[in-house]
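Shown here: final.pdb, PDB, C-alpha atoms and all ligand atoms.
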```
ATOM      1  CA  MET L 147     140.784  80.463 155.865
ATOM      2  CA  GLY L 148     143.658  79.737 158.280
ATOM      3  CA  ARG L 149     147.115  78.658 157.152
ATOM      4  CA  CYS L 150     146.655  75.086 158.416
ATOM      5  CA  GLU L 151     143.308  74.698 156.678
ATOM      6  CA  ALA L 152     144.721  76.154 153.449
ATOM      7  CA  LEU L 153     147.675  73.726 153.563
ATOM      8  CA  SER L 154     145.357  70.832 154.314
ATOM      9  CA  ARG L 155     143.118  71.692 151.350
ATOM     10  CA  LEU L 156     146.153  72.116 149.073
ATOM     11  CA  ARG L 157     147.513  68.723 150.145
ATOM     12  CA  GLN L 158     144.072  67.168 149.603
ATOM     13  CA  SER L 159     143.743  68.653 146.117
ATOM     14  CA  LEU L 160     147.242  67.476 145.166
ATOM     15  CA  MET L 161     146.423  63.952 146.350
ATOM     16  CA  THR L 162     143.054  64.011 144.634
ATOM     17  CA  SER L 163     144.612  65.172 141.379
ATOM     18  CA  ALA L 164     146.358  61.773 141.148
ATOM     19  CA  VAL L 165     143.003  60.001 141.044
ATOM     20  CA  LYS L 166     141.517  59.011 137.697
ATOM     21  CA  VAL L 167     137.884  57.971 137.226
ATOM     22  CA  ARG L 168     137.275  55.593 134.301
ATOM     23  CA  PRO L 169     134.829  52.867 133.210
ATOM     24  CA  ALA L 170     135.421  49.477 134.839
ATOM     25  CA  ILE L 171     137.093  46.748 132.792
ATOM     26  CA  ALA L 172     137.221  42.986 133.313
ATOM     27  CA  SER L 173     140.545  43.113 135.176
ATOM     28  CA  ASP L 174     138.893  45.272 137.871
ATOM     29  CA  ARG L 175     136.837  42.258 138.978
ATOM     30  CA  ALA L 176     138.804  41.498 142.180
ATOM     31  CA  PRO L 177     139.038  45.052 143.617
ATOM     32  CA  LEU L 178     135.405  45.713 142.654
ATOM     33  CA  GLY L 179     134.373  42.559 144.491
ATOM     34  CA  ARG L 180     136.409  43.489 147.565
ATOM     35  CA  LEU L 181     134.890  46.980 147.710
ATOM     36  CA  GLY L 182     131.363  45.687 147.030
ATOM     37  CA  ALA L 183     131.666  43.183 149.881
ATOM     38  CA  LEU L 184     132.896  46.009 152.103
ATOM     39  CA  LEU L 185     129.788  48.032 151.228
ATOM     40  CA  VAL L 186     127.566  45.073 152.156
ATOM     41  CA  GLY L 187     129.407  44.592 155.455
ATOM     42  CA  GLU L 188     129.205  48.266 156.419
ATOM     43  CA  HIS L 189     125.443  48.253 155.805
ATOM     44  CA  HIS L 190     124.990  45.034 157.789
ATOM     45  CA  ASP L 191     126.723  46.752 160.692
ATOM     46  CA  PHE L 192     124.238  49.655 160.510
ATOM     47  CA  ASP L 193     121.262  47.324 161.134
ATOM     48  CA  PRO L 194     121.925  43.555 161.015
ATOM     49  CA  LYS L 195     118.211  42.709 160.799
ATOM     50  CA  ARG L 196     117.527  44.905 157.775
ATOM     51  CA  PHE L 197     120.771  44.552 155.796
ATOM     52  CA  ILE L 198     122.032  41.150 154.641
ATOM     53  CA  ALA L 199     125.226  39.713 156.090
ATOM     54  CA  PRO L 200     128.206  39.246 153.772
ATOM     55  CA  LEU L 201     127.908  35.730 152.330
ATOM     56  CA  PRO L 202     130.853  33.368 151.844
ATOM     57  CA  ASN L 203     132.576  34.176 148.521
ATOM     58  CA  LEU L 204     130.717  37.476 148.360
ATOM     59  CA  SER L 205     133.769  39.295 146.954
ATOM     60  CA  GLU L 206     134.038  36.917 143.998
ATOM     61  CA  ARG L 207     130.297  36.964 143.361
ATOM     62  CA  TYR L 208     130.008  40.725 143.641
ATOM     63  CA  GLY L 209     132.995  41.211 141.345
ATOM     64  CA  ASP L 210     131.393  38.939 138.741
ATOM     65  CA  PHE L 211     128.072  40.763 139.121
ATOM     66  CA  LEU L 212     129.591  44.221 138.672
ATOM     67  CA  ILE L 213     131.634  43.243 135.618
ATOM     68  CA  GLY L 214     128.462  41.752 134.113
ATOM     69  CA  GLN L 215     126.543  44.956 134.820
ATOM     70  CA  SER L 216     129.341  47.078 133.331
ATOM     71  CA  GLN L 217     128.715  45.399 129.978
ATOM     72  CA  ARG L 218     125.025  46.380 129.838
ATOM     73  CA  PRO L 219     124.107  49.434 127.752
ATOM     74  CA  ASP L 220     121.822  50.844 130.473
ATOM     75  CA  MET L 221     124.341  50.475 133.317
ATOM     76  CA  ARG L 222     127.566  52.211 134.250
ATOM     77  CA  VAL L 223     130.314  50.981 136.562
ATOM     78  CA  LEU L 224     133.042  53.558 137.126
ATOM     79  CA  VAL L 225     136.232  53.040 139.115
ATOM     80  CA  ALA L 226     138.511  55.536 140.823
ATOM     81  CA  GLU L 227     142.147  54.590 140.317
ATOM     82  CA  ARG L 228     145.175  55.924 142.158
ATOM     83  CA  ASP L 229     148.687  54.721 141.327
ATOM     84  CA  ASP L 230     147.220  51.842 139.280
ATOM     85  CA  THR L 231     145.121  50.702 142.238
ATOM     86  CA  VAL L 232     141.328  50.780 142.290
ATOM     87  CA  VAL L 233     140.363  52.759 145.405
ATOM     88  CA  GLY L 234     136.630  53.174 144.825
ATOM     89  CA  TYR L 235     133.770  52.553 142.455
ATOM     90  CA  ALA L 236     130.257  53.682 141.573
ATOM     91  CA  PHE L 237     127.485  51.579 140.016
ATOM     92  CA  ALA L 238     124.439  53.237 138.474
ATOM     93  CA  GLY L 239     121.915  52.779 135.706
ATOM     94  CA  ILE L 240     118.962  54.308 133.939
ATOM     95  CA  GLU L 241     115.494  52.982 134.721
ATOM     96  CA  GLY L 242     112.098  53.689 133.129
ATOM     97  CA  ASN L 243     108.810  54.429 134.878
ATOM     98  CA  ASP L 244     108.432  52.823 138.294
ATOM     99  CA  TYR L 245     104.754  52.981 139.266
ATOM    100  CA  MET L 246     105.399  51.344 142.663
ATOM    101  CA  ALA L 247     107.706  54.239 143.479
ATOM    102  CA  LEU L 248     105.395  56.761 141.772
ATOM    103  CA  ARG L 249     108.150  58.092 139.579
ATOM    104  CA  GLY L 250     109.107  58.532 135.974
ATOM    105  CA  PRO L 251     112.423  57.600 134.346
ATOM    106  CA  ALA L 252     115.496  58.200 136.505
ATOM    107  CA  GLY L 253     119.159  57.472 136.814
ATOM    108  CA  VAL L 254     119.571  55.325 139.921
ATOM    109  CA  ILE L 255     122.822  55.177 141.839
ATOM    110  CA  TYR L 256     123.070  51.718 143.388
ATOM    111  CA  ASP L 257     126.582  51.665 144.903
ATOM    112  CA  LEU L 258     129.192  54.254 145.766
ATOM    113  CA  VAL L 259     132.141  53.188 147.867
ATOM    114  CA  VAL L 260     135.680  54.366 148.570
ATOM    115  CA  ASP L 261     138.392  52.272 150.224
ATOM    116  CA  PRO L 262     138.567  53.333 153.918
ATOM    117  CA  ASP L 263     142.277  54.201 153.563
ATOM    118  CA  HIS L 264     141.438  56.750 150.846
ATOM    119  CA  ARG L 265     138.326  58.406 152.256
ATOM    120  CA  ARG L 266     137.864  62.132 152.877
ATOM    121  CA  GLN L 267     140.138  63.059 149.965
ATOM    122  CA  GLY L 268     137.500  63.970 147.412
ATOM    123  CA  ILE L 269     137.315  60.560 145.715
ATOM    124  CA  GLY L 270     133.665  59.912 146.591
ATOM    125  CA  SER L 271     132.789  63.356 145.220
ATOM    126  CA  ALA L 272     134.760  62.691 142.026
ATOM    127  CA  LEU L 273     133.027  59.337 141.516
ATOM    128  CA  LEU L 274     129.618  60.881 142.187
ATOM    129  CA  SER L 275     130.245  63.722 139.756
ATOM    130  CA  ALA L 276     131.391  61.317 137.017
ATOM    131  CA  THR L 277     128.366  59.110 137.693
ATOM    132  CA  LEU L 278     125.984  62.053 137.338
ATOM    133  CA  ASP L 279     127.673  62.923 134.038
ATOM    134  CA  ALA L 280     127.297  59.308 132.884
ATOM    135  CA  LEU L 281     123.606  59.249 133.833
ATOM    136  CA  THR L 282     123.056  62.536 132.025
ATOM    137  CA  GLY L 283     124.739  60.962 128.988
ATOM    138  CA  LEU L 284     122.262  58.062 129.205
ATOM    139  CA  GLY L 285     119.427  60.597 129.039
ATOM    140  CA  ALA L 286     118.339  60.461 132.681
ATOM    141  CA  PRO L 287     116.291  63.527 133.660
ATOM    142  CA  ARG L 288     117.167  63.165 137.347
ATOM    143  CA  ALA L 289     119.265  60.979 139.633
ATOM    144  CA  LEU L 290     118.149  59.303 142.817
ATOM    145  CA  LEU L 291     119.514  56.892 145.359
ATOM    146  CA  PHE L 292     118.779  55.265 148.691
ATOM    147  CA  THR L 293     120.954  55.739 151.730
ATOM    148  CA  ALA L 294     120.808  53.972 155.085
ATOM    149  CA  ASP L 295     119.203  56.028 157.849
ATOM    150  CA  LYS L 296     122.366  55.737 159.949
ATOM    151  CA  ASN L 297     124.711  56.561 157.069
ATOM    152  CA  HIS L 298     125.276  60.180 158.019
ATOM    153  CA  VAL L 299     128.601  60.340 156.162
ATOM    154  CA  ALA L 300     127.028  59.421 152.826
ATOM    155  CA  GLN L 301     124.082  61.716 153.503
ATOM    156  CA  ALA L 302     126.492  64.611 154.075
ATOM    157  CA  LEU L 303     128.065  63.909 150.678
ATOM    158  CA  PHE L 304     124.678  63.718 148.915
ATOM    159  CA  ASP L 305     123.312  66.814 150.707
ATOM    160  CA  LYS L 306     126.416  68.728 149.702
ATOM    161  CA  SER L 307     126.045  67.523 146.113
ATOM    162  CA  GLY L 308     122.529  68.953 145.813
ATOM    163  CA  PHE L 309     120.319  65.878 146.409
ATOM    164  CA  ARG L 310     117.039  66.551 148.200
ATOM    165  CA  ARG L 311     115.316  64.099 150.549
ATOM    166  CA  THR L 312     112.279  62.458 148.917
ATOM    167  CA  MET L 313     111.481  59.062 150.564
ATOM    168  CA  ILE L 314     111.943  57.368 153.950
ATOM    169  CA  GLU L 315     111.990  53.554 154.223
ATOM    170  CA  MET L 316     110.600  52.157 157.497
ATOM    171  CA  THR L 317     111.045  48.567 158.710
ATOM    172  CA  LEU L 318     109.172  46.513 161.316
ATOM    173  CA  GLU L 319     110.330  43.067 162.384
ATOM    174  CA  LEU L 320     107.136  40.972 162.247
ATOM    175  CA  GLY L 321     106.570  38.939 165.378
ATOM    176  CA  GLU L 322     108.272  41.511 167.530
ATOM    177  CA  GLY L 323     105.578  44.189 167.197
ATOM    178  CA  PRO L 324     105.862  47.793 168.278
ATOM    179  CA  PRO L 325     107.730  48.521 171.519
ATOM    180  CA  GLY L 326     105.379  48.043 174.481
ATOM    181  CA  GLY L 327     102.727  46.451 172.197
TER     182      GLY L 327
HETATM  183  C1  LIG F 401     130.321  57.903 151.429
HETATM  184  C2  LIG F 401     131.734  57.763 150.832
HETATM  185  C3  LIG F 401     131.616  57.174 149.434
HETATM  186  C4  LIG F 401     132.380  59.145 150.769
HETATM  187  O1  LIG F 401     133.617  59.008 150.081
HETATM  188  P1  LIG F 401     134.823  60.047 150.333
HETATM  189  O2  LIG F 401     135.825  59.843 149.277
HETATM  190  O3  LIG F 401     135.295  59.918 151.721
HETATM  191  O4  LIG F 401     134.057  61.439 150.156
HETATM  192  P2  LIG F 401     134.701  62.891 149.868
HETATM  193  O5  LIG F 401     136.088  62.946 150.391
HETATM  194  O6  LIG F 401     134.482  63.229 148.447
HETATM  195  O7  LIG F 401     133.779  63.792 150.816
HETATM  196  C5  LIG F 401     132.786  64.653 150.255
HETATM  197  C6  LIG F 401     131.938  65.204 151.373
HETATM  198  O8  LIG F 401     131.235  64.161 152.053
HETATM  199  C7  LIG F 401     131.131  64.509 153.451
HETATM  200  N1  LIG F 401     131.920  63.549 154.247
HETATM  201  C8  LIG F 401     132.755  62.608 153.794
HETATM  202  N2  LIG F 401     133.264  61.912 154.816
HETATM  203  C9  LIG F 401     132.750  62.442 155.942
HETATM  204  C10 LIG F 401     132.885  62.160 157.319
HETATM  205  N3  LIG F 401     133.666  61.149 157.762
HETATM  206  N4  LIG F 401     132.182  62.897 158.210
HETATM  207  C11 LIG F 401     131.374  63.889 157.797
HETATM  208  N5  LIG F 401     131.198  64.225 156.486
HETATM  209  C12 LIG F 401     131.883  63.496 155.580
HETATM  210  C13 LIG F 401     131.710  65.894 153.573
HETATM  211  O9  LIG F 401     130.666  66.828 153.337
HETATM  212  C14 LIG F 401     132.717  65.894 152.453
HETATM  213  O10 LIG F 401     133.074  67.190 152.033
HETATM  214  P3  LIG F 401     134.307  67.946 152.771
HETATM  215  O11 LIG F 401     135.437  66.988 152.847
HETATM  216  O12 LIG F 401     134.566  69.137 151.885
HETATM  217  O13 LIG F 401     133.769  68.325 154.122
HETATM  218  C15 LIG F 401     132.633  56.868 151.723
HETATM  219  O14 LIG F 401     132.579  57.343 153.064
HETATM  220  C16 LIG F 401     132.245  55.403 151.719
HETATM  221  O15 LIG F 401     132.702  54.653 150.865
HETATM  222  N6  LIG F 401     131.402  54.982 152.693
HETATM  223  C17 LIG F 401     130.993  53.573 152.782
HETATM  224  C18 LIG F 401     130.053  53.174 151.659
HETATM  225  C19 LIG F 401     128.799  54.022 151.639
HETATM  226  O16 LIG F 401     128.208  54.308 152.673
HETATM  227  N7  LIG F 401     128.379  54.408 150.416
HETATM  228  C20 LIG F 401     127.234  55.257 150.206
HETATM  229  C21 LIG F 401     125.946  54.514 150.200
HETATM  230  S1  LIG F 401     125.714  53.501 148.785
END
```

Just give me the structure of the file as structure tokens.
Amino acid sequence: MGRCEALSRLRQSLMTSAVKVRPAIASDRAPLGRLGALLVGEHHDFDPKRFIAPLPNLSERYGDFLIGQSQRPDMRVLVAERDDTVVGYAFAGIEGNDYMALRGPAGVIYDLVVDPDHRRQGIGSALLSATLDALTGLGAPRALLFTADKNHVAQALFDKSGFRRTMIEMTLELGEGPPGG
């Protein structure tokens, strides 16, 4: 490893060490809502026909939704906090058999998002690791998640964290038909 890379990794680990991952509490409602709306917007940008557009008041509604979910025994909402500011969150839960998906019980990761100003500093990895621990604590035998086809950044994180690829969602806009059809 070169000197510059070593210094960069040291700086990253020092910055990351200031990040704490903890369960969400009611006063996290506003930053959770802001980050949740950001997640919706980033997915809409990937494919506006497949992913819903951010609705008016989405931040408030998403914040309310996540705080509600955090109070359920089968759900976990974790936040990453740096200098008393929430800079990311993860939302996951344990589900039973899903015969439509041909699977048994699993921990499902629904949301994972880090504030753009704090990305690439290990926070997404820390949130993912804490989420996997939480799902293990809920008794989940495996974890799974869905990621947008164009979301190569998230896929790199999940690949690196040991997830294997198991399903591909495909979408056709009805009325448009296949190209050249
Ligand atoms: C995906 C996301 C949560 C990653 O958070 P993060 O804090 O930046 O991730 P980390 O710093 O822990 O990165 C871990 C690994 O992910 C990969 N990665 C992260 N950002 C990357 C980038 N811009 N380009 C390529 N790989 C990247 C790398 O393998 C990285 O490891 P490395 O830094 O040792 O190379 C963040 O980019 C995000 O919030 N994206 C928008 C929301 C989203 O797409 N969520 C996932 C779907 S629900």

>> If the PyMOL selection byres (((not hetatm)) within 8 of (chain F and resi 401)) were run on this exact file, what residues would it hold? Put them as a PyMOL selection string.
In response: chain L and resi 184-185+188-189+234+255-262+264-272+291-294+297-306

>> Which residues would end up in the selection if the PyMOL selection byres (((chain L and resi 216-219) around 9) and not hetatm) were applied here, given that I need the answer as a PyMOL selection string?
In response: chain L and resi 169-172+211-215+220-224+237+239+284

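Ranking L:Pro177, L:Asp191, L:Glu322, L:Pro287 by their shortest atom-to-atom distance to Arg249 in chain L, with only C-alpha atoms included, puts L:Pro287 first.
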
>> Measuring between all atoms listed in the file, which one of L:Leu273, L:Ala247, L:Ala176, L:Ala286 shows the shortest distance to Ala226 in chain L?
In response: L:Leu273

Closest atom pairs, range 178-292 of chain L residues within 9 Å of range 307-319 of chain L, all atoms listed in the file, as JSON lines:
```
{"residue": "L:Lys195", "atom": "CA", "partner": "L:Glu319", "partner_atom": "CA", "distance": 8.0}
{"residue": "L:Arg196", "atom": "CA", "partner": "L:Thr317", "partner_atom": "CA", "distance": 7.5}
{"residue": "L:Ser271", "atom": "CA", "partner": "L:Ser307", "partner_atom": "CA", "distance": 8.0}
{"residue": "L:Leu274", "atom": "CA", "partner": "L:Ser307", "partner_atom": "CA", "distance": 8.5}
{"residue": "L:Ser275", "atom": "CA", "partner": "L:Ser307", "partner_atom": "CA", "distance": 8.5}
{"residue": "L:Ala289", "atom": "CA", "partner": "L:Phe309", "partner_atom": "CA", "distance": 8.4}
{"residue": "L:Leu290", "atom": "CA", "partner": "L:Phe309", "partner_atom": "CA", "distance": 7.8}
{"residue": "L:Phe292", "atom": "CA", "partner": "L:Met313", "partner_atom": "CA", "distance": 8.4}
```

Pull C-alpha atoms from the residues just selected and write them as a PDB file, in the frame of the given file.
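Contents of part.pdb, as written:
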```
ATOM      1  CA  LYS L 195     118.211  42.709 160.799  1.00  0.00           C
ATOM      2  CA  ARG L 196     117.527  44.905 157.775  1.00  0.00           C
ATOM      3  CA  SER L 271     132.789  63.356 145.220  1.00  0.00           C
ATOM      4  CA  LEU L 274     129.618  60.881 142.187  1.00  0.00           C
ATOM      5  CA  SER L 275     130.245  63.722 139.756  1.00  0.00           C
ATOM      6  CA  ALA L 289     119.265  60.979 139.633  1.00  0.00           C
ATOM      7  CA  LEU L 290     118.149  59.303 142.817  1.00  0.00           C
ATOM      8  CA  PHE L 292     118.779  55.265 148.691  1.00  0.00           C
TER       9      PHE L 292
END
```
